[in-house]
Structure formats: structure tokens, C-alpha cells
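The structure file data.txt is reproduced below (compact mmCIF, C-alpha atoms and all ligand atoms).
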# COMPACT_ATOMS: atom_id res chain seq x y z
CA MET A 1 -92.29 103.15 -63.80
CA SER A 2 -92.69 103.08 -67.55
CA ASN A 3 -89.56 102.96 -69.67
CA ASP A 4 -89.99 106.37 -71.09
CA THR A 5 -89.74 108.04 -67.69
CA VAL A 6 -86.33 109.65 -67.48
CA LEU A 7 -86.54 111.25 -64.06
CA LYS A 8 -88.82 110.57 -61.16
CA VAL A 9 -88.35 112.61 -58.01
CA GLN A 10 -90.56 112.14 -54.97
CA GLY A 11 -90.93 113.88 -51.65
CA VAL A 12 -87.92 116.17 -51.74
CA SER A 13 -87.53 118.45 -48.77
CA LYS A 14 -84.67 120.74 -47.86
CA ARG A 15 -84.27 123.06 -44.91
CA PHE A 16 -81.65 125.75 -44.37
CA GLY A 17 -81.64 126.54 -40.65
CA GLY A 18 -85.08 127.97 -39.95
CA LEU A 19 -86.05 128.22 -43.62
CA GLN A 20 -87.92 125.39 -45.30
CA ALA A 21 -86.67 125.88 -48.87
CA LEU A 22 -88.40 122.78 -50.33
CA THR A 23 -91.35 120.83 -48.96
CA ASP A 24 -92.31 117.47 -50.42
CA VAL A 25 -91.59 118.31 -54.05
CA GLY A 26 -91.99 115.64 -56.71
CA ILE A 27 -91.78 115.63 -60.51
CA THR A 28 -91.84 113.05 -63.28
CA ILE A 29 -90.19 113.82 -66.59
CA ARG A 30 -90.69 111.66 -69.67
CA ARG A 31 -88.21 111.15 -72.46
CA GLY A 32 -88.22 113.93 -75.03
CA GLN A 33 -90.06 116.38 -72.80
CA VAL A 34 -89.11 119.91 -71.98
CA TYR A 35 -90.16 120.26 -68.36
CA GLY A 36 -90.35 123.71 -66.79
CA LEU A 37 -89.76 124.66 -63.19
CA ILE A 38 -91.04 128.13 -62.47
CA GLY A 39 -91.95 130.30 -59.51
CA PRO A 40 -91.31 133.69 -57.99
CA ASN A 41 -87.89 134.67 -56.61
CA GLY A 42 -86.84 132.53 -53.68
CA ALA A 43 -89.42 129.83 -54.49
CA GLY A 44 -86.82 127.07 -54.30
CA LYS A 45 -86.07 126.39 -57.99
CA THR A 46 -82.30 126.62 -57.72
CA THR A 47 -82.36 124.66 -54.47
CA PHE A 48 -84.22 121.88 -56.30
CA PHE A 49 -81.59 121.91 -59.08
CA ASN A 50 -78.81 121.87 -56.51
CA VAL A 51 -80.35 118.91 -54.71
CA LEU A 52 -80.87 117.08 -58.00
CA THR A 53 -77.28 117.64 -59.07
CA GLY A 54 -75.61 116.77 -55.79
CA LEU A 55 -74.64 120.23 -54.59
CA TYR A 56 -77.02 120.04 -51.61
CA THR A 57 -78.03 116.95 -49.66
CA PRO A 58 -81.81 116.73 -49.31
CA ASP A 59 -83.38 116.09 -45.92
CA ALA A 60 -85.85 113.72 -47.57
CA GLY A 61 -86.68 112.46 -51.03
CA SER A 62 -86.12 109.67 -53.53
CA PHE A 63 -84.82 109.80 -57.07
CA GLU A 64 -84.96 107.50 -60.07
CA LEU A 65 -83.06 108.13 -63.27
CA ASP A 66 -83.88 106.06 -66.31
CA GLY A 67 -85.71 103.53 -64.14
CA LYS A 68 -82.88 103.04 -61.68
CA PRO A 69 -82.51 104.43 -58.18
CA TYR A 70 -80.26 107.44 -58.32
CA LYS A 71 -78.55 109.15 -55.41
CA PRO A 72 -77.30 112.61 -56.28
CA GLN A 73 -73.84 112.87 -54.77
CA ALA A 74 -70.68 114.50 -56.07
CA VAL A 75 -71.18 116.62 -59.19
CA HIS A 76 -68.86 114.39 -61.22
CA GLN A 77 -70.91 111.30 -60.33
CA VAL A 78 -74.10 113.10 -61.24
CA ALA A 79 -72.74 113.73 -64.74
CA LYS A 80 -71.70 110.09 -65.01
CA ALA A 81 -75.16 108.98 -63.90
CA GLY A 82 -76.61 111.01 -66.77
CA ILE A 83 -77.59 114.50 -65.62
CA ALA A 84 -75.80 117.53 -67.01
CA ARG A 85 -76.56 121.09 -66.00
CA THR A 86 -75.83 124.68 -66.76
CA PHE A 87 -75.72 127.42 -64.15
CA GLN A 88 -77.58 130.66 -63.58
CA ASN A 89 -74.21 132.40 -63.41
CA ILE A 90 -72.24 131.05 -66.31
CA ARG A 91 -69.44 128.77 -65.16
CA LEU A 92 -67.05 128.30 -68.04
CA PHE A 93 -63.28 128.12 -67.92
CA ALA A 94 -62.71 131.69 -69.02
CA GLU A 95 -59.15 131.29 -70.29
CA MET A 96 -59.81 128.04 -72.12
CA THR A 97 -61.06 128.01 -75.69
CA ALA A 98 -64.65 127.16 -76.52
CA LEU A 99 -63.45 123.81 -77.88
CA GLU A 100 -61.51 122.99 -74.71
CA ASN A 101 -64.52 123.83 -72.56
CA VAL A 102 -66.60 121.28 -74.44
CA MET A 103 -63.80 118.71 -74.30
CA VAL A 104 -63.78 118.99 -70.52
CA GLY A 105 -67.43 117.97 -70.52
CA ARG A 106 -66.73 115.04 -72.81
CA HIS A 107 -64.02 113.65 -70.54
CA VAL A 108 -66.74 112.41 -68.21
CA ARG A 109 -67.35 109.64 -70.75
CA THR A 110 -63.74 108.67 -71.48
CA HIS A 111 -61.69 105.80 -70.21
CA SER A 112 -57.99 106.62 -70.43
CA GLY A 113 -58.18 108.73 -67.31
CA LEU A 114 -55.40 110.68 -65.68
CA PHE A 115 -52.76 108.02 -66.36
CA GLY A 116 -53.42 108.19 -70.09
CA ALA A 117 -53.50 111.97 -70.02
CA ILE A 118 -50.14 112.27 -68.28
CA PHE A 119 -48.29 109.58 -70.22
CA ARG A 120 -50.12 110.26 -73.47
CA THR A 121 -50.69 106.60 -74.26
CA ARG A 122 -51.80 105.53 -77.75
CA GLY A 123 -55.29 104.85 -76.44
CA PHE A 124 -55.33 108.31 -75.01
CA LYS A 125 -54.35 109.89 -78.34
CA ALA A 126 -57.11 108.10 -80.27
CA GLU A 127 -59.62 108.98 -77.61
CA GLU A 128 -58.49 112.59 -77.58
CA ASP A 129 -58.97 112.85 -81.36
CA ALA A 130 -62.47 111.46 -81.07
CA ILE A 131 -63.24 113.90 -78.25
CA THR A 132 -61.99 116.84 -80.30
CA GLN A 133 -64.13 115.84 -83.26
CA ARG A 134 -67.21 115.38 -81.14
CA ALA A 135 -66.61 118.71 -79.41
CA ARG A 136 -66.40 120.46 -82.78
CA GLU A 137 -69.65 118.83 -83.85
CA LEU A 138 -71.34 120.05 -80.69
CA LEU A 139 -70.11 123.60 -81.19
CA ASP A 140 -71.58 123.50 -84.70
CA TYR A 141 -74.78 122.02 -83.31
CA VAL A 142 -75.31 124.93 -80.90
CA GLY A 143 -74.32 127.39 -83.62
CA ILE A 144 -70.91 128.63 -82.45
CA GLY A 145 -68.56 126.40 -84.44
CA LYS A 146 -66.71 129.40 -85.81
CA TYR A 147 -65.61 130.36 -82.30
CA ALA A 148 -64.05 126.99 -81.47
CA ASP A 149 -60.60 128.45 -80.92
CA PHE A 150 -61.68 131.64 -79.15
CA ARG A 151 -61.17 131.92 -75.41
CA SER A 152 -64.57 131.51 -73.85
CA ARG A 153 -64.41 134.87 -72.04
CA THR A 154 -64.28 136.67 -75.40
CA LEU A 155 -67.63 135.23 -76.53
CA SER A 156 -70.84 137.24 -76.25
CA TYR A 157 -73.12 136.46 -73.35
CA GLY A 158 -75.57 134.56 -75.53
CA ASP A 159 -72.77 132.54 -77.10
CA GLN A 160 -71.35 131.68 -73.69
CA ARG A 161 -74.74 130.28 -72.74
CA ARG A 162 -74.74 128.19 -75.92
CA LEU A 163 -71.26 127.00 -75.06
CA GLU A 164 -72.48 125.89 -71.65
CA ILE A 165 -75.21 123.92 -73.37
CA ALA A 166 -72.67 122.31 -75.73
CA ARG A 167 -70.56 121.34 -72.74
CA ALA A 168 -73.59 119.83 -71.04
CA LEU A 169 -74.48 117.88 -74.20
CA ALA A 170 -70.92 116.56 -74.36
CA THR A 171 -71.57 114.31 -71.39
CA ASP A 172 -74.30 112.50 -73.39
CA PRO A 173 -76.83 113.15 -70.66
CA GLN A 174 -80.16 111.45 -70.08
CA LEU A 175 -81.36 114.78 -68.77
CA ILE A 176 -80.11 118.31 -69.34
CA ALA A 177 -80.94 120.77 -66.59
CA LEU A 178 -80.81 124.38 -67.76
CA ASP A 179 -80.79 127.04 -65.05
CA GLU A 180 -82.22 130.26 -66.51
CA PRO A 181 -80.67 129.88 -69.94
CA ALA A 182 -82.34 133.05 -71.26
CA ALA A 183 -81.14 135.29 -68.42
CA GLY A 184 -79.50 138.41 -69.81
CA MET A 185 -80.29 137.53 -73.42
CA ASN A 186 -81.71 140.02 -75.88
CA ALA A 187 -84.82 139.26 -77.94
CA THR A 188 -82.90 137.82 -80.91
CA GLU A 189 -80.79 135.61 -78.67
CA LYS A 190 -83.95 134.36 -76.97
CA VAL A 191 -85.46 133.35 -80.30
CA GLN A 192 -82.27 131.48 -81.16
CA LEU A 193 -82.23 129.83 -77.75
CA ARG A 194 -85.77 128.69 -78.23
CA GLU A 195 -84.86 127.16 -81.59
CA LEU A 196 -81.89 125.42 -80.01
CA ILE A 197 -83.93 123.95 -77.15
CA ASP A 198 -86.55 122.81 -79.66
CA ARG A 199 -83.85 121.15 -81.69
CA ILE A 200 -82.39 119.40 -78.67
CA ARG A 201 -85.83 118.08 -77.82
CA LYS A 202 -86.41 116.87 -81.39
CA ASP A 203 -83.19 114.91 -81.07
CA ASN A 204 -84.99 113.02 -78.31
CA ARG A 205 -83.17 114.59 -75.42
CA THR A 206 -84.94 115.50 -72.23
CA ILE A 207 -84.71 118.92 -70.67
CA LEU A 208 -85.50 120.37 -67.26
CA LEU A 209 -85.68 124.12 -67.43
CA ILE A 210 -85.74 126.85 -64.80
CA GLU A 211 -86.68 130.06 -66.47
CA HIS A 212 -87.99 133.46 -65.47
CA ASP A 213 -89.19 134.33 -68.94
CA VAL A 214 -92.72 132.98 -68.63
CA LYS A 215 -93.41 133.45 -72.32
CA LEU A 216 -90.46 131.24 -73.19
CA VAL A 217 -91.52 128.62 -70.66
CA MET A 218 -95.12 128.56 -71.80
CA GLY A 219 -94.12 128.37 -75.45
CA LEU A 220 -91.56 125.62 -75.00
CA CYS A 221 -92.50 123.34 -72.16
CA ASP A 222 -94.63 120.21 -72.35
CA ARG A 223 -95.27 120.32 -68.62
CA VAL A 224 -94.61 122.78 -65.86
CA THR A 225 -94.30 122.69 -62.09
CA VAL A 226 -94.83 125.90 -60.16
CA LEU A 227 -93.09 126.36 -56.84
CA ASP A 228 -93.96 128.99 -54.26
CA TYR A 229 -92.20 129.21 -50.90
CA GLY A 230 -90.77 125.75 -51.52
CA LYS A 231 -94.15 124.12 -52.12
CA GLN A 232 -95.48 122.76 -55.37
CA ILE A 233 -98.62 124.78 -55.98
CA ALA A 234 -99.38 123.53 -59.51
CA GLU A 235 -98.32 120.91 -62.05
CA GLY A 236 -99.59 120.40 -65.57
CA THR A 237 -99.45 121.64 -69.12
CA PRO A 238 -98.65 125.34 -69.58
CA ALA A 239 -102.30 126.03 -70.43
CA GLU A 240 -103.51 124.32 -67.24
CA VAL A 241 -100.96 125.99 -65.03
CA GLN A 242 -101.61 129.47 -66.40
CA LYS A 243 -105.27 129.23 -65.40
CA ASN A 244 -104.57 127.99 -61.89
CA PRO A 245 -105.71 130.61 -59.34
CA LYS A 246 -102.88 129.71 -56.93
CA VAL A 247 -100.36 130.42 -59.67
CA ILE A 248 -101.94 133.71 -60.60
CA GLU A 249 -101.95 134.73 -56.94
CA ALA A 250 -98.32 133.70 -56.37
CA TYR A 251 -97.15 135.78 -59.31
CA LEU A 252 -99.37 138.77 -58.67
CA GLY A 253 -98.39 138.67 -55.01
CA THR A 254 -94.77 139.35 -55.83
CA GLY A 255 -95.40 141.64 -58.75
CA GLU A 256 -93.50 139.25 -61.06
CA HIS A 257 -94.61 137.79 -64.32
N1 LIG A 301 -77.22 127.78 -49.27
C1 LIG A 301 -78.27 128.37 -48.70
N2 LIG A 301 -78.30 128.70 -47.38
C2 LIG A 301 -79.36 129.29 -46.83
N3 LIG A 301 -80.49 129.62 -47.50
C3 LIG A 301 -80.52 129.33 -48.81
C4 LIG A 301 -79.43 128.70 -49.48
N4 LIG A 301 -79.76 128.54 -50.80
C5 LIG A 301 -81.01 129.05 -50.93
N5 LIG A 301 -81.46 129.52 -49.74
C6 LIG A 301 -82.77 130.09 -49.49
O1 LIG A 301 -83.74 129.17 -49.95
C7 LIG A 301 -84.84 129.85 -50.56
C8 LIG A 301 -85.00 129.34 -51.97
O2 LIG A 301 -83.93 129.85 -52.76
P1 LIG A 301 -83.67 129.45 -54.28
O3 LIG A 301 -82.40 130.11 -54.69
O4 LIG A 301 -83.76 127.98 -54.42
O5 LIG A 301 -84.90 130.13 -55.00
P2 LIG A 301 -85.15 130.35 -56.56
O6 LIG A 301 -86.55 129.95 -56.80
O7 LIG A 301 -84.09 129.67 -57.35
O8 LIG A 301 -85.01 131.92 -56.66
P3 LIG A 301 -84.45 132.84 -57.86
O9 LIG A 301 -85.53 132.84 -58.88
O10 LIG A 301 -84.29 134.15 -57.18
O11 LIG A 301 -83.17 132.24 -58.33
C9 LIG A 301 -84.53 131.33 -50.49
O12 LIG A 301 -85.21 131.88 -49.38
C10 LIG A 301 -83.03 131.37 -50.29
O13 LIG A 301 -82.63 132.51 -49.57
Would you give me this structure, written as C-alpha cells?
Amino acid sequence: MSNDTVLKVQGVSKRFGGLQALTDVGITIRRGQVYGLIGPNGAGKTTFFNVLTGLYTPDAGSFELDGKPYKPQAVHQVAKAGIARTFQNIRLFAEMTALENVMVGRHVRTHSGLFGAIFRTRGFKAEEDAITQRARELLDYVGIGKYADFRSRTLSYGDQRRLEIARALATDPQLIALDEPAAGMNATEKVQLRELIDRIRKDNRTILLIEHDVKLVMGLCDRVTVLDYGKQIAEGTPAEVQKNPKVIEAYLGTGEH
């Protein structure tokens, strides 16, 4: 595997009772790419994300992250290994401030641990200051610095999604997995989101994106995989995938676009 491959997934299958949600799915994502995962409702996109981030155990499949074997297990370990994600249904700590939400993400990379937090050791204090500063920088980076001290539930929907991205970035991930980041956004928010994702990519981060907004996916992604009924029916550049008859049929078949 060449050095610039961030994630290599092979042969992932997952069954729920009688339903085969994923069949032999594999993707390779290179550093700095925005990689799209698309498909009609129920195609298996979220299941793939959940397998990748340790929420579901796959029935089969192998994973490599940054050239090393990677076994998605507990969510905390996944973040430590270098994958951060956002969720289709925003999962912020509603009563915590925006800043605190990002600081929670950052704690994945700290060393003082619970002991330091409880006894407020000197090392803990210095680390906490650094975390606060970094969290503020990240809020500025995603464009919501002015809301640092607002409770997250008071932020607009679009801003909450940005906050989730800031929290994901706080773990210094090799790969950021965004689960429908544009869901529920208005046109202006979508443009801003696009700019933000572009900026994250330019900063040499790697992004895996599930998104229903095909226009956004086609405009942003370097490569795309299309799932349908848990099977990978196409893989390639957006231009290649758009022309693929299987893809056209899958989308027309469900009336989605
Ligand atoms: N925990 C679960 N138990 C049983 N079935 C599940 C579970 N999670 C997902 N499924 C089923 O697996 C299939 C794939 O679902 P999944 O949520 O991965 O699709 P999706 O492509 O993310 O769809 P959407 O675009 O609607 O979010 C669906 O038929 C779904 O009902």
C-alpha cells in the first residue's frame, strides 16, 4: 500500500438477521481526497460508517489506516486510531458551550487523564490551557468563533453542524467521516459548508462523506462509491459514476436524485 493511502477497506459484509446490509464492500481513500459514499435510502451507507467507526461489528472485512492494520472497536479507540466522525442526527452536548464541546473532542489526544482532571495537577492545567486555545482556533476555523461561549443548543442548525466538524477536527484525525453534513441546511449554509470542506481538504486532511445532495457530492468529491442494496455498484470519479447505467437505474428506481 502506498504511503499516501489513508484508508483501505476490503470485503466488508454486514448482516442484520435476514437482511444483508453490506456485501463485500471495499474502498481506498488517498490523503487529501474527499471521498463520497452515495446511494438511495437504505443502501447501507450509514451501516458502512457504523462498521468503520466501531458501532457495528462486521461479519467480514479488513481495514488499514495509514498503512497499519486497524480494527474498529470502541468509539473512543477509533478516535485514538485516527478516525473522527459526525452523525446524521447531530450529537452535541446540548447544555455545554460550543467551546466545551470542542474541548471534549480534544481530550482524546491528552495525557493527564482522569487523575489530572480530578486533582487538577499542574500538568493538567497547562494541558487544559492548550486545549482551550486549540478549541478556540478550531471554532474560528469553522467560522463560529463568536459563539464559543454559547450553549450548543442555542446555535442554528447549520452552526451546530459546523461545531460537530470542529469537534471532529479536534481529535487531529487521519480521516474525517461526515454523515450527511448538508442535511437540513439552506442554500446559503450549503455553500458555506462546501467552502469549509474545501478548506479542510486544502489543509491536507482526508474526508469520507455520506451525502444525499448529489450536486454537492459531485462538485466536491475526488472519487465516489455508489451503494445499492448493500452492494457497490460503481466506483470512480464523479463524472464516471454519473454516466454509469447501474447508477442511473438505482436512482431512477427509487425516484431519488
Ligand atoms: N441496527 C440495525 N438493525 C437492523 N437493520 C438495520 C440496522 N441498521 C440498518 N439496518 C438496515 O440496513 C439497511 C441499510 O441501512 P442504512 O441505514 O445503512 O442505509 P443508508 O444508506 O444509510 O440509508 P439512509 O440514506 O436512509 O440513511 C436498511 O435496510 C436498514 O433498515
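The coordinates place CA of Thr53 in chain A at 6.0 Å from CA of Val78 in chain A.
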Within 12 Å of Asp198 in chain A using all atoms listed in the file, minus same-chain residues under 6 positions, as JSON, numbers by chain = {"A": [32, 33, 34, 142, 191, 192, 204, 205, 206, 207, 216, 217, 219, 220, 221, 222]}
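Residues of protein, DNA or RNA having any atom at most 7 Å from ligand LIG 301 (chain A), counting only C-alpha atoms and all ligand atoms, are Phe16, Leu19, Ala21, Gly39, Pro40, Asn41, Gly42, Ala43, Gly44, Lys45, Thr46, Thr47, Phe48 and Gly230 of chain A.
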ask   = In terms of the shortest atom-to-atom distance over only C-alpha atoms, which of A:Tyr157, A:Val104, A:Thr28, A:Gly17 is closest to Thr225 in chain A?
value = A:Thr28
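The residue that comes closest to Asp203 in chain A, out of A:Val25, A:Leu169, A:Ala74, A:Val12 and on the basis of all atoms listed in the file, is A:Leu169.
Of note, CA of Gly54 in chain A and CA of Lys202 in chain A are spaced 27.8 Å apart.
When the distance limit is 12 Å and all atoms listed in the file are what count, the residues near Thr5 in chain A, minus those fewer than 5 positions from it on the same chain, are Ile27, Thr28, Ile29, Arg30, Arg31, Gly32, Gln33, Phe63, Glu64, Leu65, Asp66, Gly67, Lys68, Gln174, Leu175 and Thr206 of chain A.
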task = Excluding range 236-245 of chain A and residues on its chain fewer than 6 positions from it, collect all residues at most 6 Å away from it, counting only C-alpha atoms, and give them as a ChimeraX atom specification.
result = /A:218,222-224
Enclose the full set of atoms of range 21-31 of chain A listed in the file within a box whose edges lie along x, y and z, apply 5 Å of padding to each of the six sides, and report centre and edge lengths in Å to one decimal as AutoDock Vina command-line options.
--center_x -89.5 --center_y 118.5 --center_z -60.7 --size_x 15.6 --size_y 24.7 --size_z 33.6
task = Determine the nearest neighbour of Lys8 in chain A from the options A:Leu52, A:Leu178, A:Leu22, A:Ala250, counting all atoms listed in the file.
result = A:Leu52
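For the pair CA of Leu55 in chain A and CA of Val75 in chain A, the separation is 6.8 Å.
Between Ala94 in chain A and the residues A:Leu155, A:Ala177, A:Ile248, A:Ile38, the shortest atom-to-atom distance, using all atoms listed in the file, involves A:Leu155.
With all atoms listed in the file as the basis for measurement, A:Leu37 is the residue among A:Leu37, A:Ala234, A:Leu7, A:Ala98 that approaches Phe49 in chain A most closely.
Candidate residues A:Thr23, A:Thr171, A:Gln160, A:Ser152 were compared for distance to Gln88 in chain A, and the nearest is A:Gln160, using all atoms listed in the file.
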message = Set the distance at 10 Å and use all atoms listed in the file: which residues neighbour Gly61 in chain A once local chain neighbours fewer than 3 positions away are removed? I'd like the list as a VMD selection string.
response = chain A and resid 9 to 14 23 to 26 51 57 to 58 71
Please save C-alpha atoms of the selected residues as a tab-separated table (two decimals), in the frame of the given file.
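In the end it all went to again08.tsv:
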chain	number	residue	atom	x	y	z
A	9	VAL	CA	-88.35	112.61	-58.01
A	10	GLN	CA	-90.56	112.14	-54.97
A	11	GLY	CA	-90.93	113.88	-51.65
A	12	VAL	CA	-87.92	116.17	-51.74
A	13	SER	CA	-87.53	118.45	-48.77
A	14	LYS	CA	-84.67	120.74	-47.86
A	23	THR	CA	-91.35	120.83	-48.96
A	24	ASP	CA	-92.31	117.47	-50.42
A	25	VAL	CA	-91.59	118.31	-54.05
A	26	GLY	CA	-91.99	115.64	-56.71
A	51	VAL	CA	-80.35	118.91	-54.71
A	57	THR	CA	-78.03	116.95	-49.66
A	58	PRO	CA	-81.81	116.73	-49.31
A	71	LYS	CA	-78.55	109.15	-55.41
